[in-house]
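Visitor: Contents are mmCIF, C-alpha atoms and all ligand atoms; file name target_3.cif:
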```
data_structure
#
loop_
_atom_site.label_atom_id
_atom_site.label_comp_id
_atom_site.auth_asym_id
_atom_site.auth_seq_id
_atom_site.Cartn_x
_atom_site.Cartn_y
_atom_site.Cartn_z
CA MET A 929 0.00 0.00 0.00
CA ARG A 930 1.09 3.56 -0.67
CA MET A 931 2.10 5.44 2.50
CA PRO A 932 2.89 9.16 2.70
CA VAL A 933 6.54 10.09 3.22
CA PRO A 934 7.18 13.38 5.04
CA LEU A 935 8.67 15.92 2.62
CA PRO A 936 11.91 16.34 4.65
CA HIS A 937 12.57 12.62 3.94
CA ALA A 938 11.66 12.75 0.24
CA HIS A 939 15.29 12.99 -0.93
CA ARG A 940 15.99 9.61 0.72
CA LEU A 941 13.64 7.90 -1.73
CA LEU A 942 16.09 8.53 -4.62
CA ASN A 943 19.38 8.99 -2.69
CA HIS A 944 20.58 5.56 -3.78
CA GLY A 945 20.33 6.50 -7.47
CA PRO A 946 17.73 4.12 -8.89
CA VAL A 947 16.40 4.47 -12.40
CA THR A 948 13.11 6.36 -12.35
CA LEU A 949 9.94 6.57 -14.37
CA VAL A 950 8.67 10.06 -15.19
CA GLY A 951 4.90 10.40 -15.43
CA THR A 952 3.23 13.33 -17.18
CA ALA A 953 -0.26 14.37 -18.25
CA HIS A 954 -1.73 17.32 -20.08
CA GLY A 955 -4.74 18.10 -22.26
CA GLY A 956 -6.16 14.58 -22.18
CA ARG A 957 -2.79 12.93 -22.90
CA ARG A 958 -0.69 11.01 -20.36
CA ASN A 959 2.70 9.42 -20.61
CA VAL A 960 5.50 7.61 -18.80
CA MET A 961 9.18 7.30 -19.73
CA ALA A 962 12.34 5.91 -18.09
CA ALA A 963 14.93 8.36 -16.73
CA ALA A 964 18.18 7.31 -15.10
CA TRP A 965 19.58 10.83 -14.80
CA VAL A 966 17.51 12.03 -11.85
CA MET A 967 18.94 13.10 -8.47
CA PRO A 968 18.05 14.98 -5.25
CA ILE A 969 19.49 18.51 -5.07
CA ASP A 970 17.87 19.96 -1.92
CA PHE A 971 16.35 18.86 1.39
CA GLU A 972 13.49 21.25 2.16
CA PRO A 973 11.54 22.01 0.22
CA PRO A 974 12.80 18.86 -1.52
CA LYS A 975 14.09 19.43 -5.04
CA PHE A 976 15.31 17.09 -7.75
CA ALA A 977 17.17 17.54 -11.03
CA ALA A 978 16.10 15.47 -14.04
CA VAL A 979 17.51 15.28 -17.55
CA ILE A 980 14.58 15.15 -19.97
CA ALA A 981 15.65 15.09 -23.62
CA ALA A 982 14.24 17.67 -26.02
CA ASP A 983 12.58 15.22 -28.41
CA THR A 984 10.53 13.34 -25.79
CA LEU A 985 6.77 13.55 -25.36
CA THR A 986 7.53 13.68 -21.64
CA ARG A 987 9.26 17.04 -22.07
CA GLU A 988 6.39 18.44 -24.12
CA LEU A 989 3.85 17.41 -21.45
CA LEU A 990 6.07 18.55 -18.57
CA GLN A 991 6.53 21.97 -20.10
CA ALA A 992 2.84 22.30 -20.93
CA SER A 993 1.55 21.18 -17.51
CA GLY A 994 4.39 22.36 -15.26
CA GLU A 995 4.30 19.09 -13.31
CA CYS A 996 5.30 15.45 -13.34
CA THR A 997 5.74 12.42 -11.14
CA LEU A 998 9.04 10.63 -10.43
CA MET A 999 8.72 6.97 -9.52
CA ALA A 1000 11.22 4.21 -8.73
CA PRO A 1001 10.17 0.96 -10.41
CA THR A 1002 10.98 -2.41 -8.85
CA ASP A 1003 12.74 -5.34 -10.51
CA ALA A 1004 9.28 -6.72 -11.37
CA GLN A 1005 9.00 -3.69 -13.67
CA LEU A 1006 12.48 -4.03 -15.21
CA ALA A 1007 11.25 -5.06 -18.67
CA LEU A 1008 8.53 -2.41 -18.57
CA THR A 1009 11.12 0.23 -17.64
CA HIS A 1010 13.19 -0.71 -20.65
CA THR A 1011 10.11 -0.72 -22.88
CA VAL A 1012 8.81 2.71 -21.83
CA GLY A 1013 12.39 3.98 -22.18
CA THR A 1014 12.71 2.80 -25.76
CA GLN A 1015 9.28 3.76 -27.15
CA SER A 1016 7.77 7.20 -27.44
CA GLY A 1017 4.27 7.98 -26.31
CA ARG A 1018 3.96 9.85 -29.60
CA ALA A 1019 3.44 6.42 -31.21
CA GLY A 1020 0.44 5.70 -28.94
CA ASP A 1021 -0.64 5.72 -25.30
CA LYS A 1022 1.83 3.53 -23.36
CA PHE A 1023 -0.76 2.91 -20.63
CA GLU A 1024 -3.18 1.34 -23.11
CA ARG A 1025 -0.50 -0.45 -25.09
CA HIS A 1026 1.05 -2.09 -22.02
CA GLY A 1027 -2.03 -2.41 -19.79
CA LEU A 1028 -0.65 0.00 -17.19
CA THR A 1029 -2.81 1.17 -14.32
CA ALA A 1030 -2.30 4.40 -12.42
CA THR A 1031 -3.98 6.95 -10.21
CA THR A 1032 -3.53 10.70 -10.29
CA GLY A 1033 -1.50 12.42 -7.62
CA ALA A 1034 -2.79 14.32 -4.61
CA THR A 1035 -1.13 17.56 -5.74
CA VAL A 1036 -0.57 16.97 -9.49
CA ALA A 1037 -2.59 15.48 -12.35
CA ALA A 1038 0.36 13.38 -13.54
CA PRO A 1039 -0.01 9.60 -13.11
CA LEU A 1040 1.22 7.49 -10.18
CA LEU A 1041 1.90 4.14 -11.81
CA ASP A 1042 0.79 1.10 -9.80
CA GLY A 1043 3.50 -1.30 -8.61
CA CYS A 1044 6.35 1.17 -8.07
CA ALA A 1045 8.45 1.35 -4.89
CA CYS A 1046 7.94 5.10 -4.49
CA TRP A 1047 6.20 8.07 -6.06
CA LEU A 1048 7.15 11.75 -5.92
CA GLU A 1049 4.76 14.41 -7.12
CA CYS A 1050 6.66 17.38 -8.55
CA ARG A 1051 6.19 20.81 -10.02
CA ARG A 1052 8.63 22.32 -12.48
CA ILE A 1053 10.64 25.30 -11.31
CA PRO A 1054 11.20 27.08 -14.65
CA GLU A 1055 14.91 27.49 -15.46
CA PRO A 1056 14.78 28.18 -19.22
CA HIS A 1057 18.55 28.44 -19.69
CA VAL A 1058 19.50 25.13 -18.03
CA GLU A 1059 16.50 23.43 -19.64
CA SER A 1060 17.50 24.44 -23.17
CA ALA A 1061 21.29 24.25 -22.69
CA TYR A 1062 21.46 20.95 -20.72
CA ASP A 1063 17.98 19.35 -20.96
CA LEU A 1064 18.02 19.70 -17.16
CA PHE A 1065 14.80 20.33 -15.23
CA VAL A 1066 14.57 21.49 -11.62
CA LEU A 1067 11.58 19.89 -9.88
CA GLU A 1068 10.15 20.67 -6.45
CA CYS A 1069 8.51 17.74 -4.71
CA THR A 1070 5.03 18.54 -3.42
CA ALA A 1071 4.04 15.09 -2.12
CA ALA A 1072 5.91 11.82 -1.64
CA TRP A 1073 4.81 8.22 -1.16
CA ALA A 1074 6.44 4.83 -0.63
CA ASP A 1075 5.29 1.22 -0.70
CA ASP A 1076 4.72 0.45 2.97
CA THR A 1077 6.22 -3.04 2.63
CA LEU A 1078 9.55 -1.53 1.49
CA TRP A 1079 9.87 1.68 3.54
CA ARG A 1080 10.02 1.90 7.33
CA ASP A 1081 11.41 4.41 9.86
CA GLY A 1082 12.41 6.82 7.10
CA ALA A 1083 14.53 4.34 5.13
CA TRP A 1084 14.34 1.62 2.49
CA GLN A 1085 14.10 -1.92 3.86
CA PHE A 1086 14.99 -4.02 0.82
CA VAL A 1087 15.64 -7.74 1.33
CA ALA A 1088 17.42 -10.09 -1.07
CA GLN A 1089 14.34 -12.14 -1.97
CA GLY A 1090 11.88 -9.24 -2.06
CA PRO A 1091 11.18 -6.47 -4.58
CA ARG A 1092 14.06 -4.06 -5.08
CA THR A 1093 14.66 -0.90 -7.07
CA ILE A 1094 16.90 -1.06 -10.14
CA HIS A 1095 19.92 0.83 -11.49
CA HIS A 1096 20.70 1.25 -15.16
CA LEU A 1097 24.11 0.17 -16.49
CA LYS A 1098 23.70 0.24 -20.27
CA GLY A 1099 21.38 -0.87 -23.07
CA GLY A 1100 18.80 -2.93 -21.17
CA LEU A 1101 21.25 -4.08 -18.45
CA PHE A 1102 20.42 -3.23 -14.83
CA PHE A 1103 21.70 -3.84 -11.28
CA LEU A 1104 19.22 -4.54 -8.49
CA THR A 1105 19.70 -2.43 -5.34
CA GLY A 1106 22.02 -4.36 -3.02
CA GLU A 1107 22.76 -4.91 0.64
CA ALA A 1108 22.75 -2.00 3.13
CA ARG A 1109 25.80 -1.44 5.35
CA GLN A 1110 26.02 1.01 8.27
CA ALA A 1111 29.27 3.00 8.57
CA PRO A 1112 30.78 3.03 12.11
CA ARG A 1113 29.35 5.91 14.12
C1 LIG B 1201 16.98 2.77 -18.51
C2 LIG B 1201 16.73 4.03 -19.30
C3 LIG B 1201 17.08 5.27 -18.77
C4 LIG B 1201 16.82 6.44 -19.48
N1 LIG B 1201 17.17 7.64 -18.94
C5 LIG B 1201 16.85 8.79 -19.58
C6 LIG B 1201 17.12 10.06 -18.97
O1 LIG B 1201 17.64 10.16 -17.87
N2 LIG B 1201 16.75 11.17 -19.65
C7 LIG B 1201 16.15 11.12 -20.91
O2 LIG B 1201 15.83 12.16 -21.49
N3 LIG B 1201 15.88 9.92 -21.49
C8 LIG B 1201 16.20 8.77 -20.85
N4 LIG B 1201 15.91 7.56 -21.42
C9 LIG B 1201 15.27 7.55 -22.74
C10 LIG B 1201 13.75 7.87 -22.69
O3 LIG B 1201 13.09 7.08 -21.72
C11 LIG B 1201 13.18 7.59 -24.11
O4 LIG B 1201 13.70 8.55 -25.02
C12 LIG B 1201 11.68 7.49 -24.17
O5 LIG B 1201 11.32 6.76 -25.32
C13 LIG B 1201 10.98 8.86 -24.22
O6 LIG B 1201 9.61 8.60 -24.22
P1 LIG B 1201 8.49 9.69 -24.53
O7 LIG B 1201 8.78 10.27 -25.90
O8 LIG B 1201 7.22 8.90 -24.49
O9 LIG B 1201 8.57 10.74 -23.47
C14 LIG B 1201 16.19 6.38 -20.76
C15 LIG B 1201 15.84 5.13 -21.28
C16 LIG B 1201 16.10 3.97 -20.57
C17 LIG B 1201 15.71 2.64 -21.15
#
```
Could I get this file's structure written as structure tokens?

Guide:
Amino acid sequence: MRMPVPLPHAHRLLNHGPVTLVGTAHGGRRNVMAAAWVMPIDFEPPKFAAVIAADTLTRELLQASGECTLMAPTDAQLALTHTVGTQSGRAGDKFERHGLTATTGATVAAPLLDGCACWLECRRIPEPHVESAYDLFVLECTAAWADDTLWRDGAWQFVAQGPRTIHHLKGGLFFLTGEARQAPR
């Protein structure tokens, strides 16, 4: 089940650098694409940086709506992540084509795709120069959620045999998030 994550902890959802899915919606269209180049850049209010290439439908919908969702898929969604990262929504609705189910966010109209490990609702902070020069978008998180079987006491609780987030290496090859180790205090 989806549980709310307090905004001061939102950066922890993506601190470990998993590949994300970016959800967008505008004017009756909705979309989802894979994005590996997404990272936290501020604690409170939580902000993230995301590289969204100029030719993507995601960028068109993000710029038109001023909002998106960032989600971390699990290894059960590895093939789907690759698929939505290698097809454009311009060729047809990926939700219909792949039987995806989603709900809309509490603070944005962009989709929260079922089955992810976490969901961050975001609004675009317009930075026209960095957007056009580097395809880089600054996003402020307005609501955050995690799967309550994977998140406890403000941290991920992945186990070897359970669902885990994924990290992109190259061309369809991924790592699964590994074992946690505590540094000596
Ligand atoms: C694992 C993976 C990671 C990706 N990371 C990014 C990324 O960080 N930024 C980006 O612009 N595209 C990235 N892509 C490519 C987009 O997902 C791809 O261009 C997609 O088809 C765009 O879809 P859209 O046109 O429906 O928005 C990635 C693709 C894969 C498979």

Visitor: Neighbouring residues of Arg1080 (chain A) were defined as those with any atom within 12 Å, considering only C-alpha atoms; residues of the same chain fewer than 5 positions away were excluded. Please report them as a list in words.

Guide: Met931, Pro932, Val933, His937, Arg940, Leu941, Trp1073, Ala1074, Asp1075, Gln1085 and Phe1086 of chain A

Visitor: Dump the neighbourhood of ligand LIG 1201 (chain B) as a VMD selection string: all residues within 9 Å, distances computed on all atoms listed in the file.

Guide: chain A and resid 947 to 952 959 to 966 978 to 989 1006 1009 to 1022 1063 to 1064 1095 to 1102

Visitor: Store the residues picked out above in a file with C-alpha atoms, as a short mmCIF file (atom, residue, chain, number, x, y, z; two decimals), in the frame of the given file.

Guide:
```
data_model
loop_
_atom_site.label_atom_id
_atom_site.label_comp_id
_atom_site.auth_asym_id
_atom_site.auth_seq_id
_atom_site.Cartn_x
_atom_site.Cartn_y
_atom_site.Cartn_z
CA VAL A 947 16.40 4.47 -12.40
CA THR A 948 13.11 6.36 -12.35
CA LEU A 949 9.94 6.57 -14.37
CA VAL A 950 8.67 10.06 -15.19
CA GLY A 951 4.90 10.40 -15.43
CA THR A 952 3.23 13.33 -17.18
CA ASN A 959 2.70 9.42 -20.61
CA VAL A 960 5.50 7.61 -18.80
CA MET A 961 9.18 7.30 -19.73
CA ALA A 962 12.34 5.91 -18.09
CA ALA A 963 14.93 8.36 -16.73
CA ALA A 964 18.18 7.31 -15.10
CA TRP A 965 19.58 10.83 -14.80
CA VAL A 966 17.51 12.03 -11.85
CA ALA A 978 16.10 15.47 -14.04
CA VAL A 979 17.51 15.28 -17.55
CA ILE A 980 14.58 15.15 -19.97
CA ALA A 981 15.65 15.09 -23.62
CA ALA A 982 14.24 17.67 -26.02
CA ASP A 983 12.58 15.22 -28.41
CA THR A 984 10.53 13.34 -25.79
CA LEU A 985 6.77 13.55 -25.36
CA THR A 986 7.53 13.68 -21.64
CA ARG A 987 9.26 17.04 -22.07
CA GLU A 988 6.39 18.44 -24.12
CA LEU A 989 3.85 17.41 -21.45
CA LEU A 1006 12.48 -4.03 -15.21
CA THR A 1009 11.12 0.23 -17.64
CA HIS A 1010 13.19 -0.71 -20.65
CA THR A 1011 10.11 -0.72 -22.88
CA VAL A 1012 8.81 2.71 -21.83
CA GLY A 1013 12.39 3.98 -22.18
CA THR A 1014 12.71 2.80 -25.76
CA GLN A 1015 9.28 3.76 -27.15
CA SER A 1016 7.77 7.20 -27.44
CA GLY A 1017 4.27 7.98 -26.31
CA ARG A 1018 3.96 9.85 -29.60
CA ALA A 1019 3.44 6.42 -31.21
CA GLY A 1020 0.44 5.70 -28.94
CA ASP A 1021 -0.64 5.72 -25.30
CA LYS A 1022 1.83 3.53 -23.36
CA ASP A 1063 17.98 19.35 -20.96
CA LEU A 1064 18.02 19.70 -17.16
CA HIS A 1095 19.92 0.83 -11.49
CA HIS A 1096 20.70 1.25 -15.16
CA LEU A 1097 24.11 0.17 -16.49
CA LYS A 1098 23.70 0.24 -20.27
CA GLY A 1099 21.38 -0.87 -23.07
CA GLY A 1100 18.80 -2.93 -21.17
CA LEU A 1101 21.25 -4.08 -18.45
CA PHE A 1102 20.42 -3.23 -14.83
#
```

Visitor: With distances taken over only C-alpha atoms, which residue among A:Gln1110, A:Ser1060, A:Thr1002, A:Thr1035 lies nearest Gly1090 (chain A)?

Guide: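 So, comparing all the options, the nearest one is A:Thr1002.
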
Visitor: Residues within 10 Å of Val1087 (chain A), please, as a PyMOL selection string. Count all atoms listed in the file; anything in the same chain fewer than 5 positions from it doesn't count.

Guide: chain A and resi 1078+1092+1105-1108

Visitor: Could you tell me, as an NGL selection string, which residues have any atom at most 8 Å from (2.2, -5.7, 2.9), counting all atoms listed in the file?

Guide: :A and (929 or 1076-1077)

Visitor: Measuring between only C-alpha atoms, which one of A:Ala1111, A:Leu1028, A:Cys1069, A:Ile969 shows the shortest distance to Trp1047 (chain A)?

Guide: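 Under the stated criterion, the closest residue is A:Cys1069.
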
Visitor: Just the residues within 10 Å of Glu972 (chain A), please, counting only C-alpha atoms, with nothing from its chain fewer than 6 positions along; format it as number ranges by chain.

Guide: A: 935-939, 1068-1069

Visitor: Any chance you can output those residues with C-alpha atoms as a compact mmCIF listing (two decimals), in the frame of the given file?

Guide:
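Okay, result.txt is ready:
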```
# COMPACT_ATOMS: atom_id res chain seq x y z
CA LEU A 935 8.67 15.92 2.62
CA PRO A 936 11.91 16.34 4.65
CA HIS A 937 12.57 12.62 3.94
CA ALA A 938 11.66 12.75 0.24
CA HIS A 939 15.29 12.99 -0.93
CA GLU A 1068 10.15 20.67 -6.45
CA CYS A 1069 8.51 17.74 -4.71
```

Visitor: Could you state the separation of CA of Ala1071 (chain A) and CA of Cys1050 (chain A) in Å, given to one decimal place?

Guide: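 If I compute the distance from CA of Ala1071 (chain A) to CA of Cys1050 (chain A), I get 7.3 Å.
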
Visitor: Just how far from CA of Glu1049 (chain A) is CA of Trp1079 (chain A), in Å to one decimal?

Guide: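 CA of Trp1079 (chain A) sits 17.4 Å away from CA of Glu1049 (chain A).
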
Visitor: For the atom pair CA of Gly1082 (chain A) and CA of Phe971 (chain A), what is the interatomic distance in Å to one decimal place?

Guide: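 Computing it gives 13.9 Å between the two atoms.
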
Visitor: Pick from A:Arg1109, A:Ala1030, A:Ile1094, A:Ile1053: nearest to Gly945 (chain A), with all atoms listed in the file counted?

Guide: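 Ranked by minimum distance to Gly945 (chain A), first place goes to A:Ile1094.
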
Visitor: Select, counting all atoms listed in the file, all protein, DNA and RNA residues no farther than 7 Å from (6.3, 20.5, -12.7) in file coordinates, and express the selection as number ranges by chain.

Guide: A: 990, 993-996, 1050-1053, 1067

Visitor: Return the single residue from A:Ala992, A:Ala1083, A:Ala1004, A:Ala1088 that is closest to Gly955 (chain A), with distances computed using all atoms listed in the file.

Guide: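 Closest residue, counting all atoms listed in the file: A:Ala992.
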
Visitor: Which is closest to Leu1104 (chain A) among A:Pro934, A:Pro946, A:Gly1027, A:Pro1039, if we use all atoms listed in the file?

Guide: A:Pro946
